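Trainee: This is the structure I want to talk about, given as structure tokens.
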Amino acid sequence: MLRVLDRYLLREVIYGWLAITLVLWFVIITNRLVRYLAQAAAGELPGDVILTLLAVKTFWFLVYIMPFSLALGVVMALGRLYRDSEMAVLAACGVGPTRLYQPLLAMGLVLALLLGWLALAVSPDVSAFGARVEKNAKQAADVTLLMAGRFNSIRGGRMTFYSERLSKDRTRMKNLFVHVRGNPKKGTLPQVMVAESAYRMTDAETGDDYMVFVDGTRYEGSPGEAGYRVMDFDEQGVRIEVEEKEGFLKRESNVPTSALFGSPDTVHMAELQWRLSVPVSVIVLLVLAVPLGSVSPRQSKHSGMVIAVLVFLTYYNLLGTARAWVEQGNIPPQVGLWWVHLLPLLLAFVLLKRDRLVRVLRPAR
């Protein structure tokens with residue numbers, strides 16, 4: 001069973017950790033929600049997928065902000081104990097940083113294992129699912145932009161059409177003029193079509209979108225040349241080929257972790273080390289949080305938090321910079337992101353040494 005000191009310390013840390021996580025999550029998700037709403041208002045994203053995309057982003061954000069928020073929770077909890085002179089009492093009883101590290105690192109190890117599993121095994125699948133949803137949503141938005149009263153291009157710009165107006169229920173376009181460019185390499189001829197109406201439909205099996213033209217005439221070829229044809233039709237379907245956004249599906253975050261191991265690609269190496277940095281950062285930041293939480297009762301209430309935020313943000317920025325260097329081949333993958341993790345540990349040792357807190361203490365009873 002946990003000792004009284006361990007329960008008391010963990011309770012203080014967990015309260016602060018959850019509060020900071022909630023605040024950070026709210027700020028980040030609100031910012032993302034505003035961005036999605038702006039895209040939906042501009043017609044770039046259907047509104048019915050916003051909640052799905054937010055759920056995917058919530059998972060991703062929580063995995064990567066948990067180490068940061070936990071370390072800040074430790075700094076906040078220890079800062080309160082120092083300001084209320086509770087740490088002075090504990091020090092008089094023989095409780096120092098060595099004793100404080102025991103429950104904190106035990107909790108940190110559990111969280112590191114959980115986040116490591118999420119970052120390595122679950123996160124790629126969630127990211128790939130979000131990429132597919134976002135890709136399909138943006139493609140659907142591209143299709144919905146086909147409006148009456150203006151010239152529209154589909155099939156990669158090879159087809160241009162104009163619709164005079166929409167029906168009252170806005171499901172059909174009326175009085176259409178269509179021009180299709182020919183492709184000599186594929187042996188297709190230029191076409192011009194006029195149709196009384198048209199509507200969109202989706203193939204239930206393939207999911208492809210089609211524009212179905214109703215009661216029209218198709219002119220194929222160039223007038224005066226052999227092979228020029230005029231054909232009347234009752235209905236003719238044309239597949240809508242909107243711009244493929246393959247970039248969504250090719251993100252490194254979508255690649256399964258098993259495919260990253262042994263890959264000679266520096267981008268994959270950087271992505272693998274980035275994922276491994278999630279559980280490693282939990283332990284690294286916890287080690288650094290203990291000396292950063294040491295404040296004088298006469299210091300400002302938030303001085304320790306401000307310094308900790310600056311130090312932690314510097315650590316994360318260095319991780320991002322090191323990742324970019326590995327991807328670009330500026331530093332060898334063997335060095336990779338690992339040197340960044342050593343800097344906070346070195347800083348923690350210096351701070352502990354400076355405060356004369358590195359010593360062997362008898363366990364608290």
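We label chains A, B, ... in the order they appear in the structure tokens, count residues from 1 in each chain, and number ligands from 1 in the order shown.
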If we count only C-alpha atoms and set the cut-off at 10 Å, which residues sit around range 174-189 of chain A, ignoring sequence neighbours fewer than 3 positions away in its own chain? Please answer as a VMD selection string.
Mentor: chain A and resid 148 151 to 155 157 to 167 171 192 to 199 213 to 214 216 218 to 222 227 to 228
Trainee: Fewer than 5 positions away in the same chain doesn't count, so skip those; otherwise give me all residues within 12 Å of Ile331 in chain A, counting only C-alpha atoms, as a list of chain:residue names.
Mentor: A:Thr266, A:Met269, A:Ala270, A:Thr321, A:Ala322, A:Arg323, A:Ala324, A:Trp325, A:Val326, A:Gly336, A:Leu337, A:Trp338, A:Trp339
Trainee: Deliver the residues from the most recent selection as a file, using N, CA and C atoms, as a PDB file, in the first residue's frame.
Mentor:
ATOM      1  N   THR A 266      15.193   8.392 -43.910  1.00  0.00           N
ATOM      2  CA  THR A 266      15.455   9.253 -42.746  1.00  0.00           C
ATOM      3  C   THR A 266      14.166   9.837 -42.183  1.00  0.00           C
ATOM      4  N   MET A 269      12.839   7.181 -39.970  1.00  0.00           N
ATOM      5  CA  MET A 269      13.654   7.102 -38.754  1.00  0.00           C
ATOM      6  C   MET A 269      13.280   8.217 -37.777  1.00  0.00           C
ATOM      7  N   ALA A 270      13.103   9.422 -38.306  1.00  0.00           N
ATOM      8  CA  ALA A 270      12.734  10.550 -37.463  1.00  0.00           C
ATOM      9  C   ALA A 270      11.359  10.345 -36.850  1.00  0.00           C
ATOM     10  N   THR A 321      13.096  20.436 -33.685  1.00  0.00           N
ATOM     11  CA  THR A 321      14.239  20.824 -34.520  1.00  0.00           C
ATOM     12  C   THR A 321      15.116  19.618 -34.850  1.00  0.00           C
ATOM     13  N   ALA A 322      15.370  18.785 -33.840  1.00  0.00           N
ATOM     14  CA  ALA A 322      16.185  17.590 -34.067  1.00  0.00           C
ATOM     15  C   ALA A 322      15.502  16.644 -35.042  1.00  0.00           C
ATOM     16  N   ARG A 323      14.190  16.556 -34.959  1.00  0.00           N
ATOM     17  CA  ARG A 323      13.456  15.705 -35.902  1.00  0.00           C
ATOM     18  C   ARG A 323      13.631  16.205 -37.336  1.00  0.00           C
ATOM     19  N   ALA A 324      13.521  17.517 -37.507  1.00  0.00           N
ATOM     20  CA  ALA A 324      13.711  18.094 -38.847  1.00  0.00           C
ATOM     21  C   ALA A 324      15.132  17.855 -39.347  1.00  0.00           C
ATOM     22  N   TRP A 325      16.105  17.956 -38.464  1.00  0.00           N
ATOM     23  CA  TRP A 325      17.503  17.715 -38.867  1.00  0.00           C
ATOM     24  C   TRP A 325      17.714  16.275 -39.309  1.00  0.00           C
ATOM     25  N   VAL A 326      17.083  15.325 -38.604  1.00  0.00           N
ATOM     26  CA  VAL A 326      17.211  13.919 -39.003  1.00  0.00           C
ATOM     27  C   VAL A 326      16.556  13.707 -40.356  1.00  0.00           C
ATOM     28  N   GLY A 336      20.212  11.362 -33.733  1.00  0.00           N
ATOM     29  CA  GLY A 336      18.777  11.598 -33.771  1.00  0.00           C
ATOM     30  C   GLY A 336      18.267  12.575 -32.738  1.00  0.00           C
ATOM     31  N   LEU A 337      17.222  12.150 -32.023  1.00  0.00           N
ATOM     32  CA  LEU A 337      16.590  12.983 -31.002  1.00  0.00           C
ATOM     33  C   LEU A 337      17.106  12.684 -29.606  1.00  0.00           C
ATOM     34  N   TRP A 338      17.991  11.682 -29.499  1.00  0.00           N
ATOM     35  CA  TRP A 338      18.381  11.222 -28.159  1.00  0.00           C
ATOM     36  C   TRP A 338      19.165  12.278 -27.398  1.00  0.00           C
ATOM     37  N   TRP A 339      19.979  13.086 -28.094  1.00  0.00           N
ATOM     38  CA  TRP A 339      20.769  14.083 -27.384  1.00  0.00           C
ATOM     39  C   TRP A 339      19.885  15.125 -26.723  1.00  0.00           C
TER      40      TRP A 339
END
Trainee: Need the shell around range 102-110 of chain A: protein/DNA/RNA residues with any atom at most 9 Å away, counting only C-alpha atoms. Skip same-chain ones fewer than 2 positions apart. Format as a VMD selection string?
Mentor: chain A and resid 2 6 to 7 9 to 10 13 67 70 74 97 to 100 112 to 115 279 282 to 283 286 to 287
Trainee: Name the closest residue to Ser263 in chain A among the candidates A:Ile28, A:Leu342, A:Asp48, A:Pro333; distances are taken between atoms, counting only C-alpha atoms.
Mentor: A:Pro333
Trainee: Just list the residues in range 212-364 of chain A DSSP gives strand (DSSP E or B) on the backbone, as a ChimeraX atom specification.
Mentor: /A:212-220,229-239
Trainee: Using only N, CA and C atoms, please write the residues we just selected to a file, as a PDB file, in the first residue's frame.
Mentor:
ATOM      1  N   VAL A 212     -25.165  13.000 -63.529  1.00  0.00           N
ATOM      2  CA  VAL A 212     -26.066  12.351 -64.482  1.00  0.00           C
ATOM      3  C   VAL A 212     -26.812  13.441 -65.255  1.00  0.00           C
ATOM      4  N   PHE A 213     -26.591  13.489 -66.569  1.00  0.00           N
ATOM      5  CA  PHE A 213     -27.241  14.468 -67.439  1.00  0.00           C
ATOM      6  C   PHE A 213     -28.501  13.834 -68.023  1.00  0.00           C
ATOM      7  N   VAL A 214     -29.575  14.596 -68.078  1.00  0.00           N
ATOM      8  CA  VAL A 214     -30.887  14.087 -68.483  1.00  0.00           C
ATOM      9  C   VAL A 214     -31.392  14.866 -69.702  1.00  0.00           C
ATOM     10  N   ASP A 215     -31.923  14.109 -70.690  1.00  0.00           N
ATOM     11  CA  ASP A 215     -32.550  14.690 -71.882  1.00  0.00           C
ATOM     12  C   ASP A 215     -31.643  15.720 -72.549  1.00  0.00           C
ATOM     13  N   GLY A 216     -30.643  15.232 -73.251  1.00  0.00           N
ATOM     14  CA  GLY A 216     -29.707  16.143 -73.892  1.00  0.00           C
ATOM     15  C   GLY A 216     -29.182  15.611 -75.207  1.00  0.00           C
ATOM     16  N   THR A 217     -28.248  16.358 -75.749  1.00  0.00           N
ATOM     17  CA  THR A 217     -27.600  16.013 -77.011  1.00  0.00           C
ATOM     18  C   THR A 217     -26.095  16.154 -76.848  1.00  0.00           C
ATOM     19  N   ARG A 218     -25.363  15.188 -77.395  1.00  0.00           N
ATOM     20  CA  ARG A 218     -23.897  15.223 -77.298  1.00  0.00           C
ATOM     21  C   ARG A 218     -23.318  15.370 -78.699  1.00  0.00           C
ATOM     22  N   TYR A 219     -22.392  16.319 -78.827  1.00  0.00           N
ATOM     23  CA  TYR A 219     -21.683  16.554 -80.084  1.00  0.00           C
ATOM     24  C   TYR A 219     -20.234  16.144 -79.856  1.00  0.00           C
ATOM     25  N   GLU A 220     -19.759  15.181 -80.607  1.00  0.00           N
ATOM     26  CA  GLU A 220     -18.417  14.613 -80.405  1.00  0.00           C
ATOM     27  C   GLU A 220     -17.572  14.820 -81.645  1.00  0.00           C
ATOM     28  N   ARG A 229     -19.879  13.266 -84.672  1.00  0.00           N
ATOM     29  CA  ARG A 229     -21.130  12.581 -84.379  1.00  0.00           C
ATOM     30  C   ARG A 229     -22.027  13.449 -83.507  1.00  0.00           C
ATOM     31  N   VAL A 230     -23.320  13.268 -83.699  1.00  0.00           N
ATOM     32  CA  VAL A 230     -24.339  13.933 -82.879  1.00  0.00           C
ATOM     33  C   VAL A 230     -25.247  12.847 -82.327  1.00  0.00           C
ATOM     34  N   MET A 231     -25.382  12.827 -81.005  1.00  0.00           N
ATOM     35  CA  MET A 231     -26.165  11.769 -80.356  1.00  0.00           C
ATOM     36  C   MET A 231     -27.098  12.384 -79.325  1.00  0.00           C
ATOM     37  N   ASP A 232     -28.340  11.922 -79.350  1.00  0.00           N
ATOM     38  CA  ASP A 232     -29.300  12.297 -78.317  1.00  0.00           C
ATOM     39  C   ASP A 232     -29.299  11.222 -77.227  1.00  0.00           C
ATOM     40  N   PHE A 233     -29.566  11.625 -76.001  1.00  0.00           N
ATOM     41  CA  PHE A 233     -29.593  10.649 -74.905  1.00  0.00           C
ATOM     42  C   PHE A 233     -30.682  11.040 -73.909  1.00  0.00           C
ATOM     43  N   ASP A 234     -31.155  10.013 -73.224  1.00  0.00           N
ATOM     44  CA  ASP A 234     -32.107  10.242 -72.132  1.00  0.00           C
ATOM     45  C   ASP A 234     -31.371  10.519 -70.824  1.00  0.00           C
ATOM     46  N   GLU A 235     -30.346   9.695 -70.545  1.00  0.00           N
ATOM     47  CA  GLU A 235     -29.501   9.910 -69.369  1.00  0.00           C
ATOM     48  C   GLU A 235     -28.075   9.502 -69.704  1.00  0.00           C
ATOM     49  N   GLN A 236     -27.138  10.254 -69.210  1.00  0.00           N
ATOM     50  CA  GLN A 236     -25.722   9.911 -69.390  1.00  0.00           C
ATOM     51  C   GLN A 236     -24.969  10.299 -68.127  1.00  0.00           C
ATOM     52  N   GLY A 237     -24.278   9.331 -67.527  1.00  0.00           N
ATOM     53  CA  GLY A 237     -23.533   9.588 -66.296  1.00  0.00           C
ATOM     54  C   GLY A 237     -22.066   9.840 -66.588  1.00  0.00           C
ATOM     55  N   VAL A 238     -21.502  10.820 -65.903  1.00  0.00           N
ATOM     56  CA  VAL A 238     -20.083  11.164 -66.022  1.00  0.00           C
ATOM     57  C   VAL A 238     -19.484  11.158 -64.623  1.00  0.00           C
ATOM     58  N   ARG A 239     -18.441  10.371 -64.445  1.00  0.00           N
ATOM     59  CA  ARG A 239     -17.788  10.282 -63.135  1.00  0.00           C
ATOM     60  C   ARG A 239     -17.102  11.596 -62.801  1.00  0.00           C
TER      61      ARG A 239
END
Trainee: Using only C-alpha atoms, pick whichever of A:Ile14, A:Leu54, A:Val306, A:Ala19 has the shortest atom-to-atom distance to Asn31 in chain A.
Mentor: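 Of A:Ile14, A:Leu54, A:Val306, A:Ala19, the one nearest Asn31 in chain A, counting only C-alpha atoms, is A:Leu54.
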Trainee: Give me the residues near range 307-318 of chain A as a count of residues only, where near means some atom within 8 Å (using only C-alpha atoms) and where sequence neighbours in that chain fewer than 4 positions away do not count.
Mentor: 10
Trainee: Name the residues in contact with Ser127 in chain A at a cut-off of 10 Å, using only C-alpha atoms, excluding same-chain residues fewer than 4 positions from it; report them as a ChimeraX atom specification.
Mentor: /A:56-57,59-60,122-123,131-133,248-249,251-255
Trainee: Selection from above, C-alpha atoms, as a PDB file, in the first residue's frame, can you write it?
Mentor:
ATOM      1  CA  VAL A  56      -9.311  12.214 -33.799  1.00  0.00           C
ATOM      2  CA  LYS A  57      -7.371  15.373 -32.964  1.00  0.00           C
ATOM      3  CA  PHE A  59      -6.714  11.629 -29.100  1.00  0.00           C
ATOM      4  CA  TRP A  60      -3.561  12.848 -30.842  1.00  0.00           C
ATOM      5  CA  VAL A 122      -2.790   3.012 -31.610  1.00  0.00           C
ATOM      6  CA  SER A 123      -1.865   6.483 -32.820  1.00  0.00           C
ATOM      7  CA  ALA A 131      -6.616  11.271 -42.758  1.00  0.00           C
ATOM      8  CA  ARG A 132      -9.152   9.184 -44.681  1.00  0.00           C
ATOM      9  CA  VAL A 133     -12.062  11.076 -43.128  1.00  0.00           C
ATOM     10  CA  PHE A 248      -3.468  13.201 -46.305  1.00  0.00           C
ATOM     11  CA  LEU A 249      -2.756   9.503 -46.727  1.00  0.00           C
ATOM     12  CA  ARG A 251       1.690  11.520 -43.775  1.00  0.00           C
ATOM     13  CA  GLU A 252       4.426   9.847 -41.761  1.00  0.00           C
ATOM     14  CA  SER A 253       2.092   9.725 -38.747  1.00  0.00           C
ATOM     15  CA  ASN A 254      -0.122   7.254 -40.655  1.00  0.00           C
ATOM     16  CA  VAL A 255       2.661   4.698 -41.213  1.00  0.00           C
TER      17      VAL A 255
END
Trainee: One decimal, Å: what's the distance from CA of Gly304 in chain A over to CA of Gly79 in chain A, could you say?
Mentor: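 These two atoms are separated by 6.9 Å.
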Trainee: Do a neighbour search on Pro291 in chain A at 10 Å with only C-alpha atoms, toss out local chain neighbours closer than 3 positions, and write the hits as number ranges by chain.
Mentor: A: 75, 78, 97, 286-288, 294-295, 304, 308, 347-355, 357
Trainee: Point out the residue among A:Ala121, A:Leu62, A:Leu5, A:Glu134 with the least atom-to-atom distance to Ile50 in chain A, counting only C-alpha atoms.
Mentor: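 Under the stated criterion, the closest residue is A:Glu134.
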Trainee: Residues at most 8 Å from Leu276 in chain A, counting only C-alpha atoms, excluding those fewer than 3 positions away in the same chain, as a list in words?
Mentor: Gly116, Ala119, Leu120, Leu272, Gln273, Pro279 and Val280 of chain A
Trainee: Could you save those same residues with N, CA and C atoms as a compact mmCIF listing (two decimals), in the first residue's frame?
Mentor:
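Generated output (part-v7.txt):
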# COMPACT_ATOMS: atom_id res chain seq x y z
N GLY A 116 3.36 5.08 -24.44
CA GLY A 116 4.18 4.40 -25.43
C GLY A 116 3.35 3.46 -26.28
N ALA A 119 1.20 5.71 -28.58
CA ALA A 119 1.97 6.37 -29.63
C ALA A 119 2.47 5.40 -30.68
N LEU A 120 2.84 4.19 -30.26
CA LEU A 120 3.44 3.23 -31.19
C LEU A 120 2.41 2.34 -31.87
N LEU A 272 9.90 7.45 -36.18
CA LEU A 272 10.01 6.41 -35.15
C LEU A 272 10.58 6.99 -33.86
N GLN A 273 11.65 7.77 -33.96
CA GLN A 273 12.23 8.37 -32.76
C GLN A 273 11.28 9.38 -32.12
N PRO A 279 7.00 8.28 -24.57
CA PRO A 279 7.21 7.71 -23.23
C PRO A 279 8.51 8.19 -22.58
N VAL A 280 9.55 8.41 -23.38
CA VAL A 280 10.81 8.88 -22.79
C VAL A 280 10.63 10.25 -22.16
